[in-house]
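Engineer: You'll find final.pdb just under this line, and it carries PDB, C-alpha atoms.
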```
ATOM      1  CA  ALA A   5     -82.960-138.807 207.941
ATOM      2  CA  LEU A   6     -86.244-138.836 205.996
ATOM      3  CA  THR A   7     -88.165-137.898 209.138
ATOM      4  CA  ARG A   8     -85.856-134.936 209.741
ATOM      5  CA  GLN A   9     -86.446-133.788 206.151
ATOM      6  CA  MET A  10     -90.202-134.053 206.755
ATOM      7  CA  PHE A  11     -89.921-131.895 209.882
ATOM      8  CA  GLY A  12     -87.867-129.392 207.897
ATOM      9  CA  ILE A  13     -90.602-129.110 205.280
ATOM     10  CA  GLU A  14     -93.178-128.760 208.062
ATOM     11  CA  ALA A  15     -91.184-125.859 209.496
ATOM     12  CA  GLU A  16     -91.123-124.183 206.068
ATOM     13  CA  ILE A  17     -94.924-124.506 205.885
ATOM     14  CA  GLU A  18     -95.228-122.966 209.362
ATOM     15  CA  ASP A  19     -93.003-120.092 208.206
ATOM     16  CA  PHE A  20     -95.271-119.554 205.227
ATOM     17  CA  LEU A  21     -98.588-119.764 207.070
ATOM     18  CA  GLY A  22     -97.573-118.125 210.328
ATOM     19  CA  SER A  23     -96.827-114.569 211.372
ATOM     20  CA  SER A  24     -93.265-114.845 210.141
ATOM     21  CA  LEU A  25     -93.195-112.101 207.526
ATOM     22  CA  LYS A  26     -91.536-110.086 210.285
ATOM     23  CA  LEU A  27     -90.261-113.251 211.983
ATOM     24  CA  GLN A  28     -92.405-112.720 215.044
ATOM     25  CA  ARG A  29     -91.935-116.383 215.875
ATOM     26  CA  GLY A  30     -90.127-119.484 214.637
ATOM     27  CA  HIS A  31     -87.294-121.841 215.544
ATOM     28  CA  LEU A  32     -83.725-122.039 214.259
ATOM     29  CA  ARG A  33     -81.378-124.975 214.752
ATOM     30  CA  PHE A  34     -77.829-123.654 214.442
ATOM     31  CA  ALA A  35     -74.821-126.008 214.524
ATOM     32  CA  ALA A  36     -71.278-124.742 215.088
ATOM     33  CA  ASP A  37     -67.792-126.154 215.524
ATOM     34  CA  GLY A  38     -66.994-123.430 218.059
ATOM     35  CA  PRO A  39     -69.028-121.087 220.240
ATOM     36  CA  HIS A  40     -67.259-117.752 219.753
ATOM     37  CA  LEU A  41     -68.228-116.517 216.276
ATOM     38  CA  ALA A  42     -71.511-118.414 216.413
ATOM     39  CA  LEU A  43     -72.594-116.641 219.598
ATOM     40  CA  ASP A  44     -71.522-113.259 218.200
ATOM     41  CA  LEU A  45     -73.880-113.793 215.270
ATOM     42  CA  LEU A  46     -76.670-115.288 217.387
ATOM     43  CA  ALA A  47     -76.583-112.289 219.727
ATOM     44  CA  VAL A  48     -77.284-109.996 216.756
ATOM     45  CA  PHE A  49     -79.967-112.375 215.462
ATOM     46  CA  ARG A  50     -81.766-112.556 218.814
ATOM     47  CA  GLU A  51     -81.734-108.778 219.121
ATOM     48  CA  SER A  52     -83.363-108.444 215.686
ATOM     49  CA  HIS A  53     -85.765-111.400 216.073
ATOM     50  CA  PRO A  54     -86.547-111.923 219.778
ATOM     51  CA  GLY A  55     -89.577-114.086 219.002
ATOM     52  CA  VAL A  56     -87.489-116.778 217.315
ATOM     53  CA  THR A  57     -86.156-119.535 219.572
ATOM     54  CA  VAL A  58     -82.666-120.790 218.778
ATOM     55  CA  GLU A  59     -81.096-124.186 219.434
ATOM     56  CA  LEU A  60     -77.274-124.135 219.335
ATOM     57  CA  ILE A  61     -75.669-127.501 218.590
ATOM     58  CA  LEU A  62     -71.920-127.574 219.326
ATOM     59  CA  GLY A  63     -69.467-130.221 218.115
ATOM     60  CA  ASN A  64     -66.195-130.611 216.285
ATOM     61  CA  ALA A  65     -65.933-129.972 212.536
ATOM     62  CA  THR A  66     -66.943-133.498 211.518
ATOM     63  CA  GLU A  67     -69.910-133.598 213.893
ATOM     64  CA  THR A  68     -71.107-130.166 212.761
ATOM     65  CA  TRP A  69     -70.879-131.073 209.073
ATOM     66  CA  ASN A  70     -72.789-134.309 209.686
ATOM     67  CA  ALA A  71     -75.486-132.454 211.642
ATOM     68  CA  LEU A  72     -76.015-130.225 208.612
ATOM     69  CA  LEU A  73     -76.119-133.060 206.063
ATOM     70  CA  GLN A  74     -78.474-135.130 208.226
ATOM     71  CA  SER A  75     -80.868-132.184 208.675
ATOM     72  CA  ALA A  76     -80.274-132.082 212.420
ATOM     73  CA  ALA A  77     -79.400-128.395 211.887
ATOM     74  CA  ASP A  78     -80.874-125.753 209.596
ATOM     75  CA  ILE A  79     -77.591-123.886 209.136
ATOM     76  CA  ALA A  80     -74.046-124.175 210.490
ATOM     77  CA  MET A  81     -70.985-122.117 211.322
ATOM     78  CA  LEU A  82     -68.075-124.233 210.178
ATOM     79  CA  ALA A  83     -64.379-123.707 209.516
ATOM     80  CA  ASN A  84     -62.921-124.888 206.193
ATOM     81  CA  PRO A  85     -65.966-126.979 205.199
ATOM     82  CA  PRO A  86     -65.668-129.588 202.442
ATOM     83  CA  GLU A  87     -67.026-128.752 199.021
ATOM     84  CA  ASP A  88     -70.407-130.323 198.385
ATOM     85  CA  PRO A  89     -72.879-129.558 195.555
ATOM     86  CA  ARG A  90     -75.782-129.812 198.034
ATOM     87  CA  ALA A  91     -74.489-126.945 200.166
ATOM     88  CA  ALA A  92     -73.879-123.225 199.796
ATOM     89  CA  SER A  93     -71.565-121.163 201.984
ATOM     90  CA  LEU A  94     -70.825-117.593 202.986
ATOM     91  CA  PRO A  95     -67.402-116.478 204.307
ATOM     92  CA  ILE A  96     -67.669-114.927 207.768
ATOM     93  CA  ALA A  97     -64.134-114.506 209.123
ATOM     94  CA  VAL A  98     -60.499-115.538 208.666
ATOM     95  CA  GLN A  99     -58.380-116.567 211.646
ATOM     96  CA  ASP A 100     -54.748-117.423 212.368
ATOM     97  CA  MET A 101     -53.681-120.561 214.170
ATOM     98  CA  MET A 102     -51.800-119.777 217.365
ATOM     99  CA  LEU A 103     -49.325-121.719 219.463
ATOM    100  CA  LEU A 104     -50.633-121.769 223.026
ATOM    101  CA  VAL A 105     -47.858-121.830 225.624
ATOM    102  CA  PRO A 106     -47.772-121.475 229.418
ATOM    103  CA  ARG A 107     -46.968-117.974 230.659
ATOM    104  CA  GLY A 108     -43.209-117.722 231.210
ATOM    105  CA  HIS A 109     -42.443-120.295 228.473
ATOM    106  CA  GLY A 110     -39.417-119.552 226.299
ATOM    107  CA  LEU A 111     -41.605-118.797 223.264
ATOM    108  CA  ALA A 112     -44.179-116.701 225.131
ATOM    109  CA  LYS A 113     -42.623-113.353 224.165
ATOM    110  CA  SER A 114     -42.095-114.223 220.483
ATOM    111  CA  ARG A 115     -43.925-112.121 217.882
ATOM    112  CA  GLU A 116     -44.463-115.318 215.882
ATOM    113  CA  VAL A 117     -43.059-118.832 215.662
ATOM    114  CA  GLY A 118     -42.475-121.300 212.841
ATOM    115  CA  LEU A 119     -43.480-124.935 212.896
ATOM    116  CA  LYS A 120     -39.808-125.953 213.032
ATOM    117  CA  ASP A 121     -39.458-123.916 216.242
ATOM    118  CA  ILE A 122     -41.985-126.263 217.854
ATOM    119  CA  ALA A 123     -40.224-129.505 216.859
ATOM    120  CA  ALA A 124     -38.449-129.895 220.215
ATOM    121  CA  GLU A 125     -41.548-129.088 222.296
ATOM    122  CA  LYS A 126     -43.957-131.452 224.020
ATOM    123  CA  VAL A 127     -47.158-130.898 222.035
ATOM    124  CA  ILE A 128     -50.844-131.397 222.790
ATOM    125  CA  PHE A 129     -53.158-132.297 219.904
ATOM    126  CA  ARG A 130     -56.895-132.017 219.377
ATOM    127  CA  GLU A 131     -59.006-135.082 218.647
ATOM    128  CA  HIS A 132     -59.448-136.687 215.230
ATOM    129  CA  GLY A 133     -62.218-134.845 213.383
ATOM    130  CA  SER A 134     -61.260-131.463 214.795
ATOM    131  CA  ASN A 135     -60.714-128.709 212.242
ATOM    132  CA  THR A 136     -57.765-127.475 214.327
ATOM    133  CA  GLN A 137     -56.096-130.864 214.099
ATOM    134  CA  ARG A 138     -56.794-131.342 210.379
ATOM    135  CA  THR A 139     -55.387-127.899 209.568
ATOM    136  CA  LEU A 140     -52.280-128.514 211.670
ATOM    137  CA  GLU A 141     -51.654-131.948 210.161
ATOM    138  CA  ARG A 142     -51.834-130.575 206.605
ATOM    139  CA  ALA A 143     -49.215-127.956 207.475
ATOM    140  CA  LEU A 144     -46.969-130.523 209.174
ATOM    141  CA  ARG A 145     -47.115-132.809 206.136
ATOM    142  CA  LYS A 146     -46.200-129.893 203.891
ATOM    143  CA  GLN A 147     -43.177-129.120 206.097
ATOM    144  CA  ARG A 148     -42.354-132.843 206.431
ATOM    145  CA  LEU A 149     -42.426-132.554 210.199
ATOM    146  CA  HIS A 150     -43.539-135.191 212.679
ATOM    147  CA  LEU A 151     -44.702-134.050 216.113
ATOM    148  CA  PRO A 152     -45.694-136.952 218.374
ATOM    149  CA  PRO A 153     -48.191-135.669 220.954
ATOM    150  CA  VAL A 154     -47.833-136.176 224.689
ATOM    151  CA  LEU A 155     -51.601-135.742 225.067
ATOM    152  CA  THR A 156     -54.728-135.591 222.880
ATOM    153  CA  VAL A 157     -57.741-133.617 224.142
ATOM    154  CA  GLY A 158     -61.340-133.402 222.969
ATOM    155  CA  SER A 159     -62.073-129.683 223.279
ATOM    156  CA  ARG A 160     -60.487-126.229 223.159
ATOM    157  CA  GLU A 161     -61.317-125.795 226.852
ATOM    158  CA  ALA A 162     -59.333-128.942 227.665
ATOM    159  CA  MET A 163     -56.493-127.626 225.475
ATOM    160  CA  ILE A 164     -56.341-124.372 227.452
ATOM    161  CA  GLU A 165     -56.371-126.225 230.778
ATOM    162  CA  ALA A 166     -53.708-128.744 229.723
ATOM    163  CA  VAL A 167     -51.361-125.999 228.519
ATOM    164  CA  SER A 168     -51.980-123.967 231.680
ATOM    165  CA  ARG A 169     -50.899-127.008 233.708
ATOM    166  CA  ARG A 170     -47.643-127.115 231.692
ATOM    167  CA  ILE A 171     -48.285-130.564 230.212
ATOM    168  CA  GLY A 172     -47.147-129.194 226.842
ATOM    169  CA  VAL A 173     -47.821-126.547 224.203
ATOM    170  CA  GLY A 174     -51.018-126.568 222.183
ATOM    171  CA  PHE A 175     -52.798-125.137 219.173
ATOM    172  CA  ILE A 176     -55.783-122.820 219.038
ATOM    173  CA  PHE A 177     -57.307-120.252 216.672
ATOM    174  CA  ASP A 178     -57.020-116.599 217.605
ATOM    175  CA  ARG A 179     -60.726-115.991 218.387
ATOM    176  CA  GLU A 180     -60.745-119.012 220.714
ATOM    177  CA  LYS A 181     -58.184-117.669 223.179
ATOM    178  CA  ASN A 182     -59.805-116.358 226.334
ATOM    179  CA  ASP A 183     -58.327-114.009 228.936
ATOM    180  CA  ASP A 184     -56.819-116.806 231.017
ATOM    181  CA  PRO A 185     -53.624-115.281 232.483
ATOM    182  CA  ARG A 186     -51.923-118.672 232.743
ATOM    183  CA  SER A 187     -51.233-118.987 228.999
ATOM    184  CA  VAL A 188     -50.094-116.921 226.000
ATOM    185  CA  ALA A 189     -51.022-117.362 222.311
ATOM    186  CA  VAL A 190     -48.335-116.734 219.663
ATOM    187  CA  PRO A 191     -49.084-116.674 215.889
ATOM    188  CA  ILE A 192     -47.686-119.564 213.835
ATOM    189  CA  ARG A 193     -46.042-118.178 210.695
ATOM    190  CA  GLU A 194     -47.132-120.919 208.285
ATOM    191  CA  LEU A 195     -50.709-120.930 209.569
ATOM    192  CA  ARG A 196     -51.704-117.290 209.358
ATOM    193  CA  GLY A 197     -55.115-117.020 207.717
ATOM    194  CA  SER A 198     -55.493-120.811 207.768
ATOM    195  CA  ASN A 199     -58.982-120.860 209.250
ATOM    196  CA  ARG A 200     -61.873-119.667 207.086
ATOM    197  CA  ASN A 201     -65.092-119.605 209.081
ATOM    198  CA  MET A 202     -68.106-120.119 206.835
ATOM    199  CA  LEU A 203     -71.860-120.001 207.276
ATOM    200  CA  VAL A 204     -73.002-123.187 205.522
ATOM    201  CA  TYR A 205     -76.488-124.417 204.648
ATOM    202  CA  LEU A 206     -78.140-126.970 202.389
ATOM    203  CA  LYS A 207     -79.501-125.089 199.386
ATOM    204  CA  PRO A 208     -83.210-125.920 199.934
ATOM    205  CA  ARG A 209     -82.945-124.528 203.487
ATOM    206  CA  ARG A 210     -82.370-121.055 202.067
ATOM    207  CA  ARG A 211     -86.165-120.849 201.639
ATOM    208  CA  ARG A 212     -86.708-120.969 205.399
ATOM    209  CA  ARG A 213     -87.269-117.442 206.645
ATOM    210  CA  THR A 214     -85.278-118.012 209.825
ATOM    211  CA  VAL A 215     -82.303-119.198 207.747
ATOM    212  CA  ALA A 216     -82.684-116.349 205.253
ATOM    213  CA  ALA A 217     -82.832-113.834 208.112
ATOM    214  CA  LEU A 218     -79.637-115.194 209.689
ATOM    215  CA  ILE A 219     -77.835-115.044 206.337
ATOM    216  CA  GLU A 220     -79.007-111.479 205.813
ATOM    217  CA  LEU A 221     -77.655-110.432 209.203
ATOM    218  CA  ALA A 222     -74.391-112.297 208.606
ATOM    219  CA  LEU A 223     -73.832-110.388 205.362
ATOM    220  CA  ARG A 224     -73.942-107.116 207.299
ATOM    221  CA  GLN A 225     -71.139-108.151 209.646
ATOM    222  CA  PRO A 226     -67.584-106.780 209.096
ATOM    223  CA  GLY A 227     -65.524-109.118 206.933
ATOM    224  CA  ALA A 228     -68.465-111.214 205.763
ATOM    225  CA  GLY A 229     -68.481-112.311 202.126
ATOM    226  CA  ARG A 230     -64.725-111.919 201.654
TER     227      ARG A 230
END
```
Once more with this new file: its structure as structure tokens, please.
Structural biologist:
Amino acid sequence: ALTRQMFGIEAEIEDFLGSSLKLQRGHLRFAADGPHLALDLLAVFRESHPGVTVELILGNATETWNALLQSAADIAMLANPPEDPRAASLPIAVQDMMLLVPRGHGLAKSREVGLKDIAAEKVIFREHGSNTQRTLERALRKQRLHLPPVLTVGSREAMIEAVSRRIGVGFIFDREKNDDPRSVAVPIRELRGSNRNMLVYLKPRRRRRTVAALIELALRQPGAGR
């Protein structure tokens, strides 16, 4: 951890001494708990700063938070991050949690469903440490519902494939659903607006010009800062 901090300081010195007033070069380590919003932002960043190389580190919510705290990443895109006095955050987007069902399922044509509507279904859960799973479990506790899973998977891609194979119904946030014709996503009434995607960074990292440039671009995006 101390070595990573040393490398971070070295990168700040390079920013200061190098040709980075216009960010003609540099390196940004960006961690994210999902690729979709992170890649949207990185596409804009790369267009504005083509000389900066970017390393994208993907993991679940716990892994992404730890990467930030351990200085393995300069900045992170993270949903519902914990409060920590060492970190600052910027709201980027709000998402609904969706019930993912196979096409032709009895709930596939519903405008929305409630958690109690899912009680009789075979459900697929995400792994421990996933923001999706933590958010779902909080809502289930509030409703005093118990949903024993038939399967636990370690990624959203595995969730989509398992649902498509009719193993059960699953849970996914609205920006994570792809155009796979085998499944349909239906909003869950109690979990609308349950996912707040934040750009999170340790406060000293704000001095890095690559980090400051990414934050500046993020603030220009629709919905940012709300």
Engineer: Which one is closest to Pro86 of chain A: A:Val204, A:Gly38, A:Arg130, A:Gly174? Count only C-alpha atoms.
Structural biologist: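 For Pro86 of chain A, the nearest of the given residues is A:Val204.
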Engineer: Which residues match the PyMOL selection byres ((chain A and resi 182) around 12) in the file above, as a list in words?
Structural biologist: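 Going through the file, the PyMOL selection byres ((chain A and resi 182) around 12) ends up selecting His40, Leu104, Arg160, Glu161, Met163, Ile164, Glu165, Ile176, Phe177, Asp178, Arg179, Glu180, Lys181, Asp183, Asp184, Pro185, Arg186, Ser187, Val188 and Ala189 of chain A.
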Engineer: Evaluate the PyMOL selection byres ((chain A and resi 29) around 6) and record the selected residues as a PyMOL selection string, following the chain and residue labels used in the document.
Structural biologist: chain A and resi 27-28+30+55-56
Engineer: What is the atom CA of Ala92 of chain A-atom CA of Pro208 of chain A distance in Å, reported with one decimal?
Structural biologist: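 For atom CA of Ala92 of chain A relative to atom CA of Pro208 of chain A, the distance reads 9.7 Å.
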Engineer: Take atom CA of Ile122 of chain A and atom CA of Ala36 of chain A and report the distance between them in Å, one decimal.
Structural biologist: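 Interatomic distance here is 29.5 Å.
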Engineer: Please measure the separation of atom CA of Trp69 of chain A and atom CA of Pro85 of chain A, giving the value in Å to one decimal.
Structural biologist: 7.5 Å
Engineer: Counting only C-alpha atoms, figure out which residue out of A:Leu41, A:Lys126, A:Arg33, A:His132 gets nearest to Leu60 of chain A.
Structural biologist: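 Among the listed residues, A:Arg33 lies closest to Leu60 of chain A.
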Engineer: Here's the selection I'm unsure about, the PyMOL selection byres ((chain A and resi 83) around 10); applied to the file above, which residues does it give, as a ChimeraX atom specification?
Structural biologist: /A:36-38,64-65,68-69,80-82,84-86,95-99,134-136,139,198-204
Engineer: Find the residues with any atom within 10 Å of (-71.5, -108.2, 213.5); use all atoms listed in the file and the coordinates as given in the file, and write the answer as a PyMOL selection string.
Structural biologist: chain A and resi 41+44-49+96+221-228
Engineer: For Gly172 of chain A, please output as a list of chain:residue names all residues within 7 Å (counting only C-alpha atoms; exclusion window: fewer than 3 positions along the same chain).
Structural biologist: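 Skipping anything fewer than 3 positions along the chain leaves A:Lys126, A:Val127, A:Ile128, A:Val167.
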Engineer: Between A:Arg115, A:Arg169, A:Arg50, A:Arg193, single out the one closest to Ala143 of chain A, counting all atoms listed in the file.
Structural biologist: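 Of the candidates, the smallest distance to Ala143 of chain A is held by A:Arg193.
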Engineer: Could you check which of A:Arg138, A:Leu155, A:Ile79, A:Pro191 is closest to Arg210 of chain A, using only C-alpha atoms?
Structural biologist: A:Ile79
Engineer: In terms of the shortest atom-to-atom distance over only C-alpha atoms, which of A:Val190, A:Ala216, A:Leu73, A:Leu32 is closest to Phe175 of chain A?
Structural biologist: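 Of all the options, A:Val190 lies closest to Phe175 of chain A.
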Engineer: Which is closest to Leu103 of chain A among A:Ala77, A:Ile192, A:Val215, A:Leu206, if we use all atoms listed in the file?
Structural biologist: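 With all atoms listed in the file as the atom set, the closest residue is A:Ile192.
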